[in-house]
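*Asks:* Handing over model07.txt, compact mmCIF, C-alpha atoms and all ligand atoms.
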```txt
# COMPACT_ATOMS: atom_id res chain seq x y z
CA MET L 1 11.05 7.47 24.16
CA ASN L 2 9.07 10.49 25.28
CA MET L 3 5.65 10.46 23.64
CA ASN L 4 5.98 14.08 22.64
CA THR L 5 9.31 13.77 20.88
CA ARG L 6 8.81 14.53 17.20
CA ASN L 7 10.94 12.19 15.21
CA LYS L 8 11.27 13.14 11.54
CA LYS L 9 14.04 10.64 10.92
CA GLU L 10 11.73 7.66 11.07
CA ALA L 11 8.61 6.66 9.20
CA VAL L 12 5.93 4.01 9.36
CA VAL L 13 5.06 2.49 5.99
CA VAL L 14 1.63 0.92 5.53
CA PHE L 15 2.80 -2.22 3.81
CA SER L 16 1.00 -5.04 2.03
CA GLY L 17 3.77 -6.72 0.04
CA GLY L 18 2.15 -5.48 -3.18
CA GLN L 19 3.71 -3.43 -5.97
CA ASP L 20 2.65 -0.01 -4.71
CA SER L 21 3.49 -0.32 -1.04
CA THR L 22 6.80 -2.06 -1.81
CA THR L 23 7.75 0.84 -4.10
CA CYS L 24 6.83 3.16 -1.22
CA LEU L 25 8.98 1.13 1.16
CA PHE L 26 12.03 1.63 -1.08
CA TRP L 27 11.10 5.31 -1.44
CA ALA L 28 11.01 5.64 2.36
CA LEU L 29 14.30 3.78 2.83
CA LYS L 30 16.01 6.49 0.73
CA ARG L 31 14.53 9.30 2.83
CA TYR L 32 14.47 8.12 6.41
CA GLU L 33 17.14 6.72 8.70
CA LYS L 34 14.75 4.12 9.98
CA VAL L 35 11.62 2.65 8.46
CA ILE L 36 9.07 0.45 10.21
CA THR L 37 6.45 -1.47 8.24
CA VAL L 38 2.99 -2.44 9.37
CA SER L 39 0.71 -4.92 7.62
CA PHE L 40 -2.85 -5.80 8.45
CA ASP L 41 -4.30 -9.25 8.76
CA TYR L 42 -7.98 -8.96 7.88
CA GLY L 43 -8.58 -12.53 6.88
CA GLN L 44 -7.57 -11.81 3.28
CA ARG L 45 -8.07 -14.77 1.01
CA HIS L 46 -4.38 -15.12 0.51
CA LYS L 47 -2.21 -15.33 3.54
CA LYS L 48 0.51 -15.23 0.87
CA GLU L 49 0.16 -11.46 0.89
CA LEU L 50 1.46 -11.37 4.44
CA GLN L 51 4.13 -13.97 3.62
CA CYS L 52 5.38 -11.83 0.73
CA ALA L 53 5.44 -8.79 3.00
CA LYS L 54 7.47 -10.72 5.56
CA GLU L 55 9.91 -12.07 2.96
CA ILE L 56 10.54 -8.62 1.49
CA THR L 57 11.10 -6.97 4.88
CA ASP L 58 13.28 -9.86 6.12
CA GLU L 59 15.48 -9.51 3.07
CA LEU L 60 15.82 -5.76 3.60
CA GLY L 61 16.27 -6.09 7.37
CA VAL L 62 13.27 -3.82 7.98
CA GLU L 63 11.14 -4.04 11.12
CA PHE L 64 7.78 -5.62 10.29
CA HIS L 65 4.58 -5.76 12.31
CA VAL L 66 1.32 -7.52 11.53
CA MET L 67 -1.80 -6.11 13.13
CA ASP L 68 -4.97 -8.07 13.56
CA MET L 69 -7.82 -6.46 11.62
CA SER L 70 -10.14 -9.43 11.46
CA LEU L 71 -12.91 -7.04 12.44
CA LEU L 72 -12.82 -5.75 8.87
CA ASN L 73 -13.96 -9.09 7.54
CA GLN L 74 -16.83 -9.12 9.99
CA LEU L 75 -17.89 -5.61 8.92
CA ALA L 76 -17.54 -5.88 5.17
CA PRO L 77 -17.47 -9.38 3.75
CA ASN L 78 -16.36 -9.18 0.13
CA SER L 79 -14.34 -10.94 -2.54
CA LEU L 80 -10.94 -10.07 -1.07
CA THR L 81 -11.75 -11.43 2.34
CA ARG L 82 -14.16 -14.23 1.64
CA GLY L 83 -13.20 -17.31 -0.29
CA ASP L 84 -16.82 -17.96 -1.28
CA ILE L 85 -17.29 -14.70 -3.23
CA ASP L 86 -15.60 -14.46 -6.65
CA VAL L 87 -13.55 -11.42 -7.62
CA ASP L 88 -15.05 -9.45 -10.53
CA GLU L 89 -13.03 -10.23 -13.66
CA GLU L 90 -13.87 -6.84 -15.14
CA ALA L 91 -14.40 -3.56 -13.28
CA PRO L 92 -18.13 -2.78 -13.10
CA GLU L 93 -19.46 0.11 -15.22
CA GLU L 94 -20.65 1.93 -12.14
CA GLY L 95 -19.57 2.02 -8.53
CA ALA L 96 -16.68 0.32 -6.85
CA PRO L 97 -15.43 -3.16 -7.77
CA ASN L 98 -16.44 -5.91 -5.35
CA SER L 99 -12.88 -6.09 -4.10
CA VAL L 100 -13.40 -2.89 -2.08
CA VAL L 101 -13.68 -3.01 1.68
CA ASP L 102 -15.27 0.31 2.60
CA GLY L 103 -12.94 2.55 4.56
CA ARG L 104 -10.05 0.12 4.45
CA ASN L 105 -7.32 2.70 3.81
CA MET L 106 -8.81 5.00 6.41
CA LEU L 107 -8.69 2.24 9.03
CA PHE L 108 -5.18 1.13 8.08
CA LEU L 109 -3.83 4.68 8.24
CA THR L 110 -5.60 5.32 11.52
CA PHE L 111 -4.13 2.26 13.21
CA ALA L 112 -0.71 3.02 11.70
CA ALA L 113 -0.98 6.53 13.19
CA VAL L 114 -1.72 5.23 16.69
CA PHE L 115 1.25 2.88 16.36
CA ALA L 116 3.51 5.68 15.03
CA LYS L 117 2.66 8.10 17.81
CA GLN L 118 3.55 5.54 20.45
CA ARG L 119 7.04 5.56 18.98
CA GLY L 120 7.25 9.31 18.58
CA ILE L 121 7.04 9.03 14.79
CA THR L 122 5.02 11.60 12.80
CA ASP L 123 5.46 10.41 9.23
CA LEU L 124 3.26 7.76 7.66
CA VAL L 125 3.83 6.52 4.11
CA THR L 126 1.09 4.97 2.00
CA GLY L 127 0.91 3.86 -1.62
CA VAL L 128 -2.56 5.22 -2.37
CA SER L 129 -3.03 6.98 -5.70
CA GLN L 130 -5.63 9.31 -7.07
CA SER L 131 -4.60 8.48 -10.66
CA ASP L 132 -5.47 4.91 -9.85
CA PHE L 133 -8.67 5.93 -8.07
CA SER L 134 -10.84 3.19 -9.65
CA GLY L 135 -13.66 3.38 -7.13
CA TYR L 136 -11.70 3.62 -3.90
CA PRO L 137 -12.72 6.98 -2.39
CA ASP L 138 -10.22 6.74 0.46
CA CYS L 139 -7.33 6.73 -2.06
CA ARG L 140 -8.03 10.33 -3.09
CA ASN L 141 -5.75 13.18 -2.11
CA VAL L 142 -8.58 15.20 -0.57
CA PHE L 143 -9.35 12.29 1.73
CA VAL L 144 -5.71 11.79 2.75
CA LYS L 145 -5.34 15.51 3.57
CA SER L 146 -8.57 15.41 5.54
CA LEU L 147 -7.45 12.33 7.49
CA GLU L 148 -4.06 13.90 8.19
CA THR L 149 -5.90 16.81 9.83
CA THR L 150 -8.33 14.53 11.65
CA LEU L 151 -5.61 12.27 13.05
CA SER L 152 -3.57 15.27 14.13
CA LEU L 153 -6.60 16.72 15.94
CA ALA L 154 -7.63 13.37 17.37
CA MET L 155 -4.24 12.74 18.96
CA ASP L 156 -3.02 16.33 19.41
CA TYR L 157 0.05 15.44 17.38
CA THR L 158 1.28 16.63 13.97
CA PHE L 159 1.05 13.73 11.57
CA CYS L 160 2.37 13.90 8.04
CA ILE L 161 0.98 11.39 5.55
CA GLU L 162 3.36 10.94 2.62
CA THR L 163 1.85 9.63 -0.63
CA PRO L 164 4.66 9.23 -3.18
CA LEU L 165 2.35 7.61 -5.75
CA MET L 166 -0.60 10.01 -5.44
CA TRP L 167 -0.26 11.69 -8.84
CA ILE L 168 1.49 9.09 -10.94
CA ASP L 169 -0.02 6.33 -13.04
CA LYS L 170 0.97 2.67 -13.09
CA GLY L 171 3.59 3.21 -15.81
CA ASP L 172 5.33 5.81 -13.69
CA VAL L 173 5.12 3.65 -10.57
CA TRP L 174 7.34 1.19 -12.46
CA LYS L 175 9.59 4.11 -13.48
CA LEU L 176 9.89 5.15 -9.84
CA ALA L 177 10.80 1.57 -8.89
CA ASP L 178 13.45 1.61 -11.62
CA ASP L 179 14.83 4.94 -10.36
CA LEU L 180 14.92 3.55 -6.81
CA GLY L 181 16.84 0.49 -8.05
CA CYS L 182 14.17 -1.99 -7.00
CA LEU L 183 12.56 -2.90 -10.33
CA ASN L 184 13.49 -6.59 -10.15
CA THR L 185 12.46 -6.92 -6.52
CA ILE L 186 9.08 -5.46 -7.40
CA ARG L 187 8.70 -7.72 -10.44
CA GLU L 188 9.64 -10.92 -8.65
CA LYS L 189 8.83 -10.55 -4.97
CA THR L 190 5.60 -8.57 -4.75
CA LEU L 191 2.06 -9.90 -4.80
CA THR L 192 -0.66 -7.89 -6.50
CA CYS L 193 -2.74 -10.71 -8.02
CA TYR L 194 -6.20 -11.30 -6.54
CA ASN L 195 -5.63 -15.00 -7.10
CA GLY L 196 -2.57 -15.03 -4.89
CA ILE L 197 0.15 -15.66 -7.46
CA LYS L 198 3.40 -13.78 -6.75
CA GLY L 199 5.30 -11.77 -9.41
CA GLU L 200 3.67 -11.93 -12.82
CA GLY L 201 0.45 -13.24 -11.25
CA CYS L 202 -2.42 -15.16 -12.88
CA GLY L 203 -2.61 -12.70 -15.78
CA ASN L 204 -6.43 -12.59 -15.79
CA CYS L 205 -7.68 -10.80 -12.70
CA PRO L 206 -8.22 -6.98 -12.84
CA SER L 207 -5.18 -6.44 -10.67
CA CYS L 208 -2.89 -8.47 -12.94
CA LYS L 209 -4.26 -6.64 -16.00
CA LEU L 210 -3.50 -3.25 -14.42
CA ARG L 211 -0.04 -4.39 -13.41
CA ARG L 212 0.79 -5.68 -16.88
CA GLU L 213 -0.61 -2.60 -18.63
CA GLY L 214 1.42 -0.39 -16.31
CA TYR L 215 4.59 -2.31 -17.08
CA GLU L 216 3.92 -2.04 -20.82
CA GLN L 217 3.40 1.73 -20.44
CA PHE L 218 6.71 1.94 -18.60
CA LEU L 219 8.53 0.03 -21.36
CA GLU L 220 6.95 2.17 -24.08
CA ARG L 221 7.73 5.46 -22.36
CA TYR L 222 11.22 4.82 -21.07
CA ARG L 223 12.76 1.78 -22.69
CA ARG L 224 12.58 2.48 -26.42
ZN ZN X 301 -4.09 -12.22 -11.05
```
Go ahead and render the structure in this file as C-alpha cells.
Ligand code: ZN
*Replies:*
Amino acid sequence: MNMNTRNKKEAVVVFSGGQDSTTCLFWALKRYEKVITVSFDYGQRHKKELQCAKEITDELGVEFHVMDMSLLNQLAPNSLTRGDIDVDEEAPEEGAPNSVVDGRNMLFLTFAAVFAKQRGITDLVTGVSQSDFSGYPDCRNVFVKSLETTLSLAMDYTFCIETPLMWIDKGDVWKLADDLGCLNTIREKTLTCYNGIKGEGCGNCPSCKLRREGYEQFLERYRR
C-alpha cells in the first residue's frame, strides 16, 4: 500500500486485554471495516495480560500484534513491571499510584502511530479516560489532543486519536459494553486485576475495586 494513502476504513486499537481497551475494540469493530490490535510487552508481572489479549482477538478473528517494550521496564521499574515491588492496596493521598509507568500511554500511542502509518491507517483508538484520571497525566484529553498534533507533525501525516471512553465513568463503560453487546465477554474474558486473575479478579487490588464499583454503578443506573 502507498504510504500516503489515507485509509479511514481501518483503525489500530491499542489493546491490553483489559476492560477498557476490550470495550474500545468492540466499539471500533462497529465503526471500521477492519481493526488491527497492538499490545505491548513491557515485562508486565502477568504475562496473562497478553494471553487474555490473544484469546480475545483470536475469538473475534482480529489481527493481533505484540510489540516489545521491555525498555519501559528498564526506564521505570515499578509495581506493574517488577515482581519484587508490591502494588499499593489503596491509592495514595497525593501523587500517582505506584502502578504508574511515566509516559506509558504516550509511548504506546506513539509506537501504534508509527505502525499505523506504515499501513496507511490514520485512526488510533485508545481506552484512556479523563473521568478515570487517577494520577495518570497521559490519560487526559488535553494530552491526547496534544499528542495527536505532535504525531501528525512528527510524521507529516494526519492522525486521529479516538477516545470513546474519555468522558464516561466506569459505570458507563459497562453501559457502553452492554450497548455494544459485549458485556459477558468483558465480564469473563478481560483481565484488569493487578494480581493477574481474569474476570472478577482478586477483589482486593485497587483495579478490582474500581471494576466492581463501576459494575455496581451500572446495575444501579440501568438495571433497576
Ligand atoms: Zn485484583
*Asks:* Excluding same-chain residues fewer than 3 positions from Pro164 in chain L, what lies within 12 Å of it counting only C-alpha atoms, as a ChimeraX atom specification?
*Replies:* /L:13,20-28,31,124-131,141,161,167-169,172-173,176-177
*Asks:* Give me, as a compact mmCIF listing (two decimals) with C-alpha atoms, in the coordinates of the input, the set of residues whose atoms come within 8 Å of any atom of ligand ZN 301 (chain X), counting all atoms listed in the file.
*Replies:*
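Writing the result to part-v2.txt gives the following:
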```txt
# COMPACT_ATOMS: atom_id res chain seq x y z
CA THR L 192 -0.66 -7.89 -6.50
CA CYS L 193 -2.74 -10.71 -8.02
CA TYR L 194 -6.20 -11.30 -6.54
CA ASN L 195 -5.63 -15.00 -7.10
CA GLY L 196 -2.57 -15.03 -4.89
CA ILE L 197 0.15 -15.66 -7.46
CA GLU L 200 3.67 -11.93 -12.82
CA GLY L 201 0.45 -13.24 -11.25
CA CYS L 202 -2.42 -15.16 -12.88
CA GLY L 203 -2.61 -12.70 -15.78
CA ASN L 204 -6.43 -12.59 -15.79
CA CYS L 205 -7.68 -10.80 -12.70
CA PRO L 206 -8.22 -6.98 -12.84
CA SER L 207 -5.18 -6.44 -10.67
CA CYS L 208 -2.89 -8.47 -12.94
CA LYS L 209 -4.26 -6.64 -16.00
```
*Asks:* Pick out the closest residue to Thr57 in chain L from this set: L:Ser146, L:Ala112, L:Ile121, L:Gly17. Count all atoms listed in the file.
*Replies:*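 Using all atoms listed in the file, the shortest distance to Thr57 in chain L belongs to L:Gly17.
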*Asks:* Show me, as a list of chain:residue names, the residues that have an atom within 12 Å of Thr185 in chain L when counting all atoms listed in the file, minus same-chain residues fewer than 3 positions from it.
*Replies:* L:Gly17, L:Gly18, L:Gln19, L:Thr22, L:Thr23, L:Leu25, L:Phe26, L:Cys52, L:Ala53, L:Glu55, L:Ile56, L:Thr57, L:Glu59, L:Leu60, L:Trp174, L:Ala177, L:Asp178, L:Leu180, L:Gly181, L:Cys182, L:Glu188, L:Lys189, L:Thr190, L:Leu191, L:Lys198, L:Gly199, L:Glu200
*Asks:* Keeping only C-alpha atoms, write those residues as a PDB file, keeping the file's coordinate frame.
*Replies:*
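Contents of again.pdb, freshly written:
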```pdb
ATOM      1  CA  GLY L  17       3.770  -6.720   0.040  1.00  0.00           C
ATOM      2  CA  GLY L  18       2.150  -5.480  -3.180  1.00  0.00           C
ATOM      3  CA  GLN L  19       3.710  -3.430  -5.970  1.00  0.00           C
ATOM      4  CA  THR L  22       6.800  -2.060  -1.810  1.00  0.00           C
ATOM      5  CA  THR L  23       7.750   0.840  -4.100  1.00  0.00           C
ATOM      6  CA  LEU L  25       8.980   1.130   1.160  1.00  0.00           C
ATOM      7  CA  PHE L  26      12.030   1.630  -1.080  1.00  0.00           C
ATOM      8  CA  CYS L  52       5.380 -11.830   0.730  1.00  0.00           C
ATOM      9  CA  ALA L  53       5.440  -8.790   3.000  1.00  0.00           C
ATOM     10  CA  GLU L  55       9.910 -12.070   2.960  1.00  0.00           C
ATOM     11  CA  ILE L  56      10.540  -8.620   1.490  1.00  0.00           C
ATOM     12  CA  THR L  57      11.100  -6.970   4.880  1.00  0.00           C
ATOM     13  CA  GLU L  59      15.480  -9.510   3.070  1.00  0.00           C
ATOM     14  CA  LEU L  60      15.820  -5.760   3.600  1.00  0.00           C
ATOM     15  CA  TRP L 174       7.340   1.190 -12.460  1.00  0.00           C
ATOM     16  CA  ALA L 177      10.800   1.570  -8.890  1.00  0.00           C
ATOM     17  CA  ASP L 178      13.450   1.610 -11.620  1.00  0.00           C
ATOM     18  CA  LEU L 180      14.920   3.550  -6.810  1.00  0.00           C
ATOM     19  CA  GLY L 181      16.840   0.490  -8.050  1.00  0.00           C
ATOM     20  CA  CYS L 182      14.170  -1.990  -7.000  1.00  0.00           C
ATOM     21  CA  GLU L 188       9.640 -10.920  -8.650  1.00  0.00           C
ATOM     22  CA  LYS L 189       8.830 -10.550  -4.970  1.00  0.00           C
ATOM     23  CA  THR L 190       5.600  -8.570  -4.750  1.00  0.00           C
ATOM     24  CA  LEU L 191       2.060  -9.900  -4.800  1.00  0.00           C
ATOM     25  CA  LYS L 198       3.400 -13.780  -6.750  1.00  0.00           C
ATOM     26  CA  GLY L 199       5.300 -11.770  -9.410  1.00  0.00           C
ATOM     27  CA  GLU L 200       3.670 -11.930 -12.820  1.00  0.00           C
TER      28      GLU L 200
END
```
*Asks:* Pick out the residues sitting within 10 Å of Ala11 in chain L, and hand them over as a list in words; count all atoms listed in the file, and ignore anything fewer than 3 positions along from it in its own chain.
*Replies:*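 My list of contacting residues is Asn7, Lys8, Val14, Leu25, Ala28, Leu29, Arg31, Tyr32, Glu33, Lys34, Val35, Ile36, Thr37, Ala116, Arg119, Gly120, Ile121, Thr122, Asp123, Leu124, Val125, Cys160, Ile161 and Glu162 of chain L.
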*Asks:* Go through L:Phe218, L:Met69, L:Gly135, L:Val62 one by one, measure the shortest atom-to-atom distance of each to Asp179 in chain L using only C-alpha atoms, and give the residue with the smallest value.
*Replies:*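 The answer is L:Phe218, which sits nearest to Asp179 in chain L.
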*Asks:* So, counting only C-alpha atoms, which residue among L:Gln217, L:Lys54, L:Asp68, L:Met166 is closest to Phe143 in chain L?
*Replies:*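 Of L:Gln217, L:Lys54, L:Asp68, L:Met166, the one nearest Phe143 in chain L is L:Met166, counting only C-alpha atoms.
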*Asks:* To one decimal in Å, tell me the separation between CA of Lys117 in chain L and CA of Val142 in chain L.
*Replies:*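 It comes out at 22.7 Å.
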*Asks:* Name the closest residue to Lys9 in chain L among the candidates L:Lys30, L:Arg211, L:Arg140, L:Lys175; distances are taken between atoms, counting all atoms listed in the file.
*Replies:*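 Under the stated criterion, the closest residue is L:Lys30.
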*Asks:* Would you mind reading off the distance between CA of Thr110 in chain L and CA of Lys48 in chain L, one decimal, in Å?
*Replies:*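 Between CA of Thr110 in chain L and CA of Lys48 in chain L the gap is 23.9 Å.
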*Asks:* Reconstruct range 118-129 of chain L at the level of all heavy atoms, and format the result as an mmCIF file, in the frame of the given file.
*Replies:*
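Output file part_3.cif follows:
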```
data_model
loop_
_atom_site.group_PDB
_atom_site.id
_atom_site.type_symbol
_atom_site.label_atom_id
_atom_site.label_comp_id
_atom_site.auth_asym_id
_atom_site.auth_seq_id
_atom_site.Cartn_x
_atom_site.Cartn_y
_atom_site.Cartn_z
ATOM 1 N N GLN L 118 2.957 6.222 19.299
ATOM 2 C CA GLN L 118 3.550 5.540 20.450
ATOM 3 C C GLN L 118 5.069 5.500 20.376
ATOM 4 O O GLN L 118 5.749 5.410 21.387
ATOM 5 C CB GLN L 118 3.023 4.100 20.545
ATOM 6 C CG GLN L 118 1.623 4.046 21.118
ATOM 7 C CD GLN L 118 1.012 2.657 20.983
ATOM 8 O OE1 GLN L 118 1.595 1.749 20.405
ATOM 9 N NE2 GLN L 118 -0.175 2.506 21.531
ATOM 10 N N ARG L 119 5.586 5.583 19.152
ATOM 11 C CA ARG L 119 7.040 5.560 18.980
ATOM 12 C C ARG L 119 7.612 6.942 18.701
ATOM 13 O O ARG L 119 8.771 7.067 18.304
ATOM 14 C CB ARG L 119 7.390 4.635 17.821
ATOM 15 C CG ARG L 119 7.106 3.205 18.199
ATOM 16 C CD ARG L 119 7.089 2.329 16.970
ATOM 17 N NE ARG L 119 6.895 0.962 17.376
ATOM 18 C CZ ARG L 119 7.847 0.028 17.319
ATOM 19 N NH1 ARG L 119 9.020 0.306 16.840
ATOM 20 N NH2 ARG L 119 7.599 -1.188 17.728
ATOM 21 N N GLY L 120 6.783 7.951 18.816
ATOM 22 C CA GLY L 120 7.250 9.310 18.580
ATOM 23 C C GLY L 120 7.472 9.624 17.115
ATOM 24 O O GLY L 120 8.182 10.560 16.753
ATOM 25 N N ILE L 121 6.879 8.833 16.235
ATOM 26 C CA ILE L 121 7.040 9.030 14.790
ATOM 27 C C ILE L 121 5.843 9.817 14.250
ATOM 28 O O ILE L 121 4.696 9.542 14.618
ATOM 29 C CB ILE L 121 7.155 7.659 14.073
ATOM 30 C CG1 ILE L 121 8.381 6.899 14.586
ATOM 31 C CG2 ILE L 121 7.205 7.831 12.557
ATOM 32 C CD1 ILE L 121 8.471 5.455 14.093
ATOM 33 N N THR L 122 6.110 10.790 13.359
ATOM 34 C CA THR L 122 5.020 11.600 12.800
ATOM 35 C C THR L 122 4.681 11.209 11.363
ATOM 36 O O THR L 122 3.594 11.491 10.887
ATOM 37 C CB THR L 122 5.386 13.095 12.775
ATOM 38 O OG1 THR L 122 6.593 13.247 12.016
ATOM 39 C CG2 THR L 122 5.572 13.649 14.170
ATOM 40 N N ASP L 123 5.652 10.614 10.661
ATOM 41 C CA ASP L 123 5.460 10.410 9.230
ATOM 42 C C ASP L 123 4.934 9.014 8.891
ATOM 43 O O ASP L 123 5.509 8.006 9.306
ATOM 44 C CB ASP L 123 6.778 10.663 8.478
ATOM 45 C CG ASP L 123 7.125 12.145 8.434
ATOM 46 O OD1 ASP L 123 6.669 12.888 9.331
ATOM 47 O OD2 ASP L 123 7.839 12.564 7.506
ATOM 48 N N LEU L 124 3.848 9.014 8.137
ATOM 49 C CA LEU L 124 3.260 7.760 7.660
ATOM 50 C C LEU L 124 3.395 7.760 6.142
ATOM 51 O O LEU L 124 3.231 8.801 5.510
ATOM 52 C CB LEU L 124 1.770 7.693 8.014
ATOM 53 C CG LEU L 124 1.371 7.963 9.463
ATOM 54 C CD1 LEU L 124 -0.153 8.027 9.588
ATOM 55 C CD2 LEU L 124 1.917 6.871 10.372
ATOM 56 N N VAL L 125 3.695 6.612 5.568
ATOM 57 C CA VAL L 125 3.830 6.520 4.110
ATOM 58 C C VAL L 125 2.836 5.500 3.596
ATOM 59 O O VAL L 125 2.745 4.387 4.121
ATOM 60 C CB VAL L 125 5.268 6.107 3.707
ATOM 61 C CG1 VAL L 125 5.410 6.079 2.186
ATOM 62 C CG2 VAL L 125 6.310 7.035 4.329
ATOM 63 N N THR L 126 2.075 5.897 2.576
ATOM 64 C CA THR L 126 1.090 4.970 2.000
ATOM 65 C C THR L 126 1.129 5.056 0.470
ATOM 66 O O THR L 126 1.384 6.105 -0.110
ATOM 67 C CB THR L 126 -0.327 5.276 2.529
ATOM 68 O OG1 THR L 126 -1.273 4.479 1.794
ATOM 69 C CG2 THR L 126 -0.721 6.731 2.339
ATOM 70 N N GLY L 127 0.835 3.945 -0.157
ATOM 71 C CA GLY L 127 0.910 3.860 -1.620
ATOM 72 C C GLY L 127 -0.382 4.180 -2.342
ATOM 73 O O GLY L 127 -0.552 3.812 -3.493
ATOM 74 N N VAL L 128 -1.301 4.896 -1.696
ATOM 75 C CA VAL L 128 -2.560 5.220 -2.370
ATOM 76 C C VAL L 128 -2.306 6.190 -3.519
ATOM 77 O O VAL L 128 -1.338 6.940 -3.512
ATOM 78 C CB VAL L 128 -3.626 5.808 -1.421
ATOM 79 C CG1 VAL L 128 -3.971 4.813 -0.334
ATOM 80 C CG2 VAL L 128 -3.175 7.139 -0.841
ATOM 81 N N SER L 129 -3.210 6.152 -4.511
ATOM 82 C CA SER L 129 -3.030 6.980 -5.700
ATOM 83 C C SER L 129 -4.360 7.456 -6.233
ATOM 84 O O SER L 129 -5.289 6.671 -6.391
ATOM 85 C CB SER L 129 -2.309 6.159 -6.768
ATOM 86 O OG SER L 129 -2.356 6.828 -8.002
#
```
